[in-house]
Amino acid sequence: METADPTPHARSTDRDTAADGPPRTPPQLSLELLVHGVGGTTAQEMLGDPRVQLITGDDTAACYRRTDDADAEQRPDDYRGEPVREAYCWSNLTSGNGARALWLILVPFMVANLAHWMRPAAPSEHPAQRIYDLLVRILALTLTVLLAAAACEVALDLTAWQCAGTTVCAAGKSWMGFLSPDNSGWWSAPGRRLALASMVPLLVIGFLWGLSRRTWSAYESASPPPRLPGTSRDTPVAERTALSREGFWYGRRLVARLRAAHTTAGVLTVAAVLLAAAKADGDGGHPVLAVTSRALTALVIVLAAATLIVVWRTARSEDAPDVSSDHLVVRALPFASLAVLALTLVHTGWARPGARSRGPLPGADAFGGIAVFQGVLVLALAVTAWVLQRAARDDARTALRGMGGPAVALLACAVGGVLSGGVAQRFADWLDGGATPGQAHAPIPGPPVLLSWQASVIPALLVVVAAVAVLAAVRVVIVRNRVAKDVPGLYDPREQPDAGRTKRIAATIAGAGLTDSAPVLIAATSAVTLVLGAGAVVGAWLTGRAPGRATEGAPPVVHAAAETAESLGSWLMGAGVILLITMGRRAYRDHSARRTIGILWDVGTFWPRAAHPFAPPCYAERAVPDLTWRMATWTERFDGRLVLSGHSQGSVLAAAAVWQLDLVTRSRVALLTYGSPLERLYGRWFPAFFGPPALTGLHREMDDWRNLWRFTDPIGGPIRLTCEGGRRIDQGPLRDPLSFGRTLQNPLPAQILGHGDYQADPVFGTVRAELIARIGPDLPGQRPADESPKGRSAQGSSGKSSG
């Protein structure tokens, strides 16, 4: 481990006196801090040495150096002209064993949380900002209610109410024998069966609560470093971003409040289902049961209103870390809901002579109500986003013209509906054996009619997605043919052109460009989802029957198409759940799959849990404070300069960490990014935080910034900023592959690198050497007055959009 001089600035003020000469200034040390990207890597690979030593951190995330460099601060003379290299490894924050792939079931929550951060870049004081955030939080709450309702559908309705109450369905299921009314056992009463089955959704909610609390303790509790007193921000207001606020990466209290509210909502959903079932059974001639039913219903309504108030009043506090504790009322909400649920269980399980379970469980229309309410919220969110987009500062490259948040929120609802409906459909099909639930002569009615209608529209949605995919493939072919004409001109004309090689390079460039077409796919999918979803709700409410039975009197072609769509959609809903888990497990086992799926997962989990507490945890709430603490303390202790080198997602973490530094420390840091999605993904989809003004302000306050990119990279891209004097931040596009054919220097065909191995390009070494020479190590690089951090702050904008 490193050791520090008791006086942090001693190295910059002390003088070493030689025996036969004048005093000399000790060399100033420089540090190059490497941050890897998606997929992760080892410290040995990052540093190019099998012998590494942990400098600071733990098994989850830590900084490493070569063993020979562990004590570099004690011998700065050995590092003249070359910085000390240090690697920050954070891959364990997002990876683990295969069981962690089950987190993909939380995708609807993660996507809803993303919608919060996709709001347009309107001024922070705009009143529509609060409305937008509130709508997203309420929408996220409906997803928790939908999950609890789906668990109740499987455990209470399909199992305890329909199957256990039907002799034909319960026959042959030994695990259900004690619930069958034919046995006349204590558990055979419908209310008691429901009370027992309610433990399943309660366990699901408890599992999510425990997972959220455990990850909350590990991720949301990393405090930011204290900033130097007396530092002021000279950045223009238009170029400031919330990422620079001191409390941005400290969401401990916010997640705790939302966790209490969502847990309460889930428990109250179970209680409401039980009360609806008990009301259908009647009071059995007991006046006490009628009174307790009304009293419990009132308690559920009161607690539901309190939950909405908590969600309404829970907004992010980012100016400073919110270390205050929650009100007693907020902390007591989950326990109060559990108490109401316990009373409801007693009320539901009370003996009611003659009670029988017939047909589906009362309250099946709740799924339709949730779907309609979610649709209204999405439309209101779209209107709010449109208002914010009109007030946005810079909307030239904003994805979907500011409609990215509403589109993604709608997809979150759709994915939640597919997962809940898929589980219910497959479970019902398993319970009734060879029959089809809901059809004539089937043992049980099956899941709610709305789920069957939603399943029926999935094939049509997939046809639209397939059509967009075909158009994308055609576009790749067109772009490949156009680019292929220019590929040979990028290389030495003495190299013999190869048609096959040219086609592969051009195809890679064309495929990488599909990333920029993602808004078209999302827009088409969202629009079709909204139309088909509305059609499914209308069809379910008007007919009251599944599509197959609703079209029995129609022409044979229509009836056959409806039955086919219903059956195929039911299987697709179940297959979607299995496919999601399979993809997650493959991503943890296959490195290439990890890179493909990982960028989507890492983008989703980069952002704090601002809307949904059951979303996967935000790794940046640990990684960003780690990097900020390391840079702030190292520059303070050793009075040195620092190059922060980030690849892919590591460049996003690096930029976020630099924003968290105080202005003095920030001016001592140079940034080197490569394969960076800062502008291409984050700037377009999250303009309020990574838009051109925010990136311009970041460069304004730094020592320097260079970015490397390739046309063949499907993730990284240019930053599109130009500095004073016409010097660009971007260095590229880099040539990929490095050589077109076989040469004396490259006798074997060079690999097309795409998103990886930027260090293999000679330009990387040149740019890195320029940055290192600019910051030291013997003396800080002298920059013109108009390029100094203070000079740039005084001049106004240091960059402009160049594309």
# chains A, B, ... in the order shown; residues from 1 in each chain; ligands from 1
$ select_by_dssp --residues "segment 528-688 of chain A" --states "helix (DSSP H, G or I)" --output "number ranges by chain"
A: 528-543, 547-550, 556-589, 591-604, 620-638, 649-659, 663-666, 678-685, 687-688
$ residues_around --residues "Gln731 of chain A" --least-positions-apart "3" --cutoff "9 Å" --atoms "only C-alpha atoms" --output "short mmCIF file (atom, residue, chain, number, x, y, z; two decimals) with all heavy atoms, in the first residue's frame"
data_model
loop_
_atom_site.label_atom_id
_atom_site.label_comp_id
_atom_site.auth_asym_id
_atom_site.auth_seq_id
_atom_site.Cartn_x
_atom_site.Cartn_y
_atom_site.Cartn_z
N ARG A 706 -8.95 14.66 -25.04
CA ARG A 706 -8.83 14.09 -26.38
C ARG A 706 -9.70 12.84 -26.46
O ARG A 706 -9.79 12.08 -25.49
CB ARG A 706 -7.38 13.71 -26.70
CG ARG A 706 -6.39 14.86 -26.55
CD ARG A 706 -6.60 15.92 -27.60
NE ARG A 706 -5.70 17.05 -27.40
CZ ARG A 706 -4.46 17.09 -27.87
NH1 ARG A 706 -3.97 16.07 -28.56
NH2 ARG A 706 -3.71 18.15 -27.64
N ASN A 707 -10.31 12.64 -27.63
CA ASN A 707 -11.20 11.50 -27.83
C ASN A 707 -10.85 10.80 -29.13
O ASN A 707 -10.72 11.44 -30.19
CB ASN A 707 -12.66 11.98 -27.87
CG ASN A 707 -13.63 10.85 -28.15
OD1 ASN A 707 -13.82 9.96 -27.31
ND2 ASN A 707 -14.25 10.86 -29.32
N LEU A 708 -10.71 9.47 -29.10
CA LEU A 708 -10.39 8.65 -30.27
C LEU A 708 -11.62 7.84 -30.65
O LEU A 708 -12.31 7.30 -29.77
CB LEU A 708 -9.22 7.72 -29.97
CG LEU A 708 -7.95 8.36 -29.41
CD1 LEU A 708 -6.90 7.30 -29.14
CD2 LEU A 708 -7.40 9.40 -30.37
N TRP A 709 -11.87 7.71 -31.95
CA TRP A 709 -13.05 6.96 -32.39
C TRP A 709 -12.79 6.35 -33.76
O TRP A 709 -11.87 6.73 -34.47
CB TRP A 709 -14.28 7.86 -32.41
CG TRP A 709 -14.22 8.96 -33.43
CD1 TRP A 709 -13.50 10.10 -33.37
CD2 TRP A 709 -14.92 8.99 -34.69
NE1 TRP A 709 -13.69 10.86 -34.49
CE2 TRP A 709 -14.56 10.20 -35.33
CE3 TRP A 709 -15.80 8.13 -35.33
CZ2 TRP A 709 -15.06 10.58 -36.57
CZ3 TRP A 709 -16.30 8.49 -36.57
CH2 TRP A 709 -15.94 9.70 -37.18
N PRO A 718 -17.59 10.24 -32.04
CA PRO A 718 -16.97 11.53 -31.76
C PRO A 718 -17.73 12.31 -30.69
O PRO A 718 -18.92 12.07 -30.45
CB PRO A 718 -17.02 12.25 -33.11
CG PRO A 718 -18.19 11.63 -33.81
CD PRO A 718 -18.24 10.19 -33.36
N ARG A 728 -9.74 20.36 -32.49
CA ARG A 728 -10.83 19.48 -32.12
C ARG A 728 -10.43 18.55 -30.98
O ARG A 728 -9.29 18.13 -30.87
CB ARG A 728 -11.27 18.64 -33.32
CG ARG A 728 -11.96 19.42 -34.43
CD ARG A 728 -12.28 18.51 -35.59
NE ARG A 728 -13.01 19.21 -36.64
CZ ARG A 728 -14.34 19.27 -36.71
NH1 ARG A 728 -15.07 18.65 -35.80
NH2 ARG A 728 -14.93 19.93 -37.67
N LEU A 734 -10.11 6.84 -36.71
CA LEU A 734 -8.91 6.02 -36.84
C LEU A 734 -9.11 4.97 -37.93
O LEU A 734 -10.22 4.48 -38.14
CB LEU A 734 -8.59 5.34 -35.51
CG LEU A 734 -8.43 6.24 -34.28
CD1 LEU A 734 -8.00 5.41 -33.09
CD2 LEU A 734 -7.44 7.36 -34.54
N VAL A 763 -1.83 5.99 -33.34
CA VAL A 763 -2.36 7.30 -32.98
C VAL A 763 -2.63 7.38 -31.48
O VAL A 763 -2.48 8.43 -30.86
CB VAL A 763 -3.64 7.59 -33.79
CG1 VAL A 763 -4.27 8.92 -33.37
CG2 VAL A 763 -3.33 7.60 -35.27
N VAL A 767 -1.29 10.48 -29.16
CA VAL A 767 -2.19 11.36 -28.41
C VAL A 767 -1.92 11.26 -26.92
O VAL A 767 -1.89 12.27 -26.20
CB VAL A 767 -3.66 11.01 -28.72
CG1 VAL A 767 -4.61 11.79 -27.82
CG2 VAL A 767 -3.96 11.30 -30.18
#
$ residues_around --residues "Phe614 of chain A" --least-positions-apart "3" --cutoff "8 Å" --atoms "only C-alpha atoms" --output "VMD selection string"
chain A and resid 106 109 208 to 209 211 to 212 259
$ write_last_selection --atoms "N, CA, C and O atoms" --output "compact mmCIF listing (two decimals), in the first residue's frame"
# COMPACT_ATOMS: atom_id res chain seq x y z
N LEU A 106 -36.07 -7.89 -13.69
CA LEU A 106 -36.33 -6.53 -13.23
C LEU A 106 -36.19 -5.51 -14.36
O LEU A 106 -36.16 -4.30 -14.09
N PHE A 109 -38.58 -2.48 -14.51
CA PHE A 109 -38.27 -1.46 -13.52
C PHE A 109 -37.09 -0.61 -13.97
O PHE A 109 -37.07 0.61 -13.80
N LEU A 208 -37.98 -8.80 -3.24
CA LEU A 208 -37.58 -7.55 -3.88
C LEU A 208 -37.18 -6.51 -2.84
O LEU A 208 -36.22 -5.75 -3.04
N TRP A 209 -37.91 -6.46 -1.73
CA TRP A 209 -37.55 -5.53 -0.66
C TRP A 209 -36.17 -5.85 -0.11
O TRP A 209 -35.34 -4.94 0.07
N LEU A 211 -33.70 -7.55 -1.59
CA LEU A 211 -32.68 -7.30 -2.60
C LEU A 211 -32.39 -5.82 -2.72
O LEU A 211 -31.23 -5.39 -2.82
N SER A 212 -33.45 -5.01 -2.70
CA SER A 212 -33.27 -3.57 -2.79
C SER A 212 -32.52 -3.02 -1.58
O SER A 212 -31.64 -2.17 -1.71
N ARG A 259 -38.52 2.68 -1.59
CA ARG A 259 -38.65 1.27 -1.23
C ARG A 259 -39.81 1.06 -0.26
O ARG A 259 -40.59 0.10 -0.39
$ closest_residue --among "A:Cys89, A:Asp730, A:Pro406, A:Gly539" --to "Thr41 of chain A" --atoms "only C-alpha atoms"
A:Cys89
$ residues_around --residues "Arg85 of chain A" --least-positions-apart "2" --cutoff "7 Å" --atoms "only C-alpha atoms" --output "list in words"
Leu31, Glu32, Leu33, Arg65, Pro83 and Ala87 of chain A
$ closest_residue --among "A:Pro625, A:Gly741, A:Pro749, A:Gly405" --to "Trp117 of chain A" --atoms "only C-alpha atoms"
A:Gly405
$ residues_around --residues "Ala518 of chain A" --least-positions-apart "6" --cutoff "10 Å" --atoms "only C-alpha atoms" --output "ChimeraX atom specification"
/A:399-400,472,681
$ residues_around --residues "Arg257 of chain A" --least-positions-apart "6" --cutoff "9 Å" --atoms "only C-alpha atoms" --output "number ranges by chain"
A: 310-311, 314, 326, 330-331, 613
$ closest_residue --among "A:Arg768, A:Ser244, A:Glu566, A:Ser526" --to "Leu663 of chain A" --atoms "only C-alpha atoms"
A:Ser244
$ atom_distance --atom1 "atom CA of Phe606 of chain A" --atom2 "atom CA of Ala391 of chain A"
26.4 Å
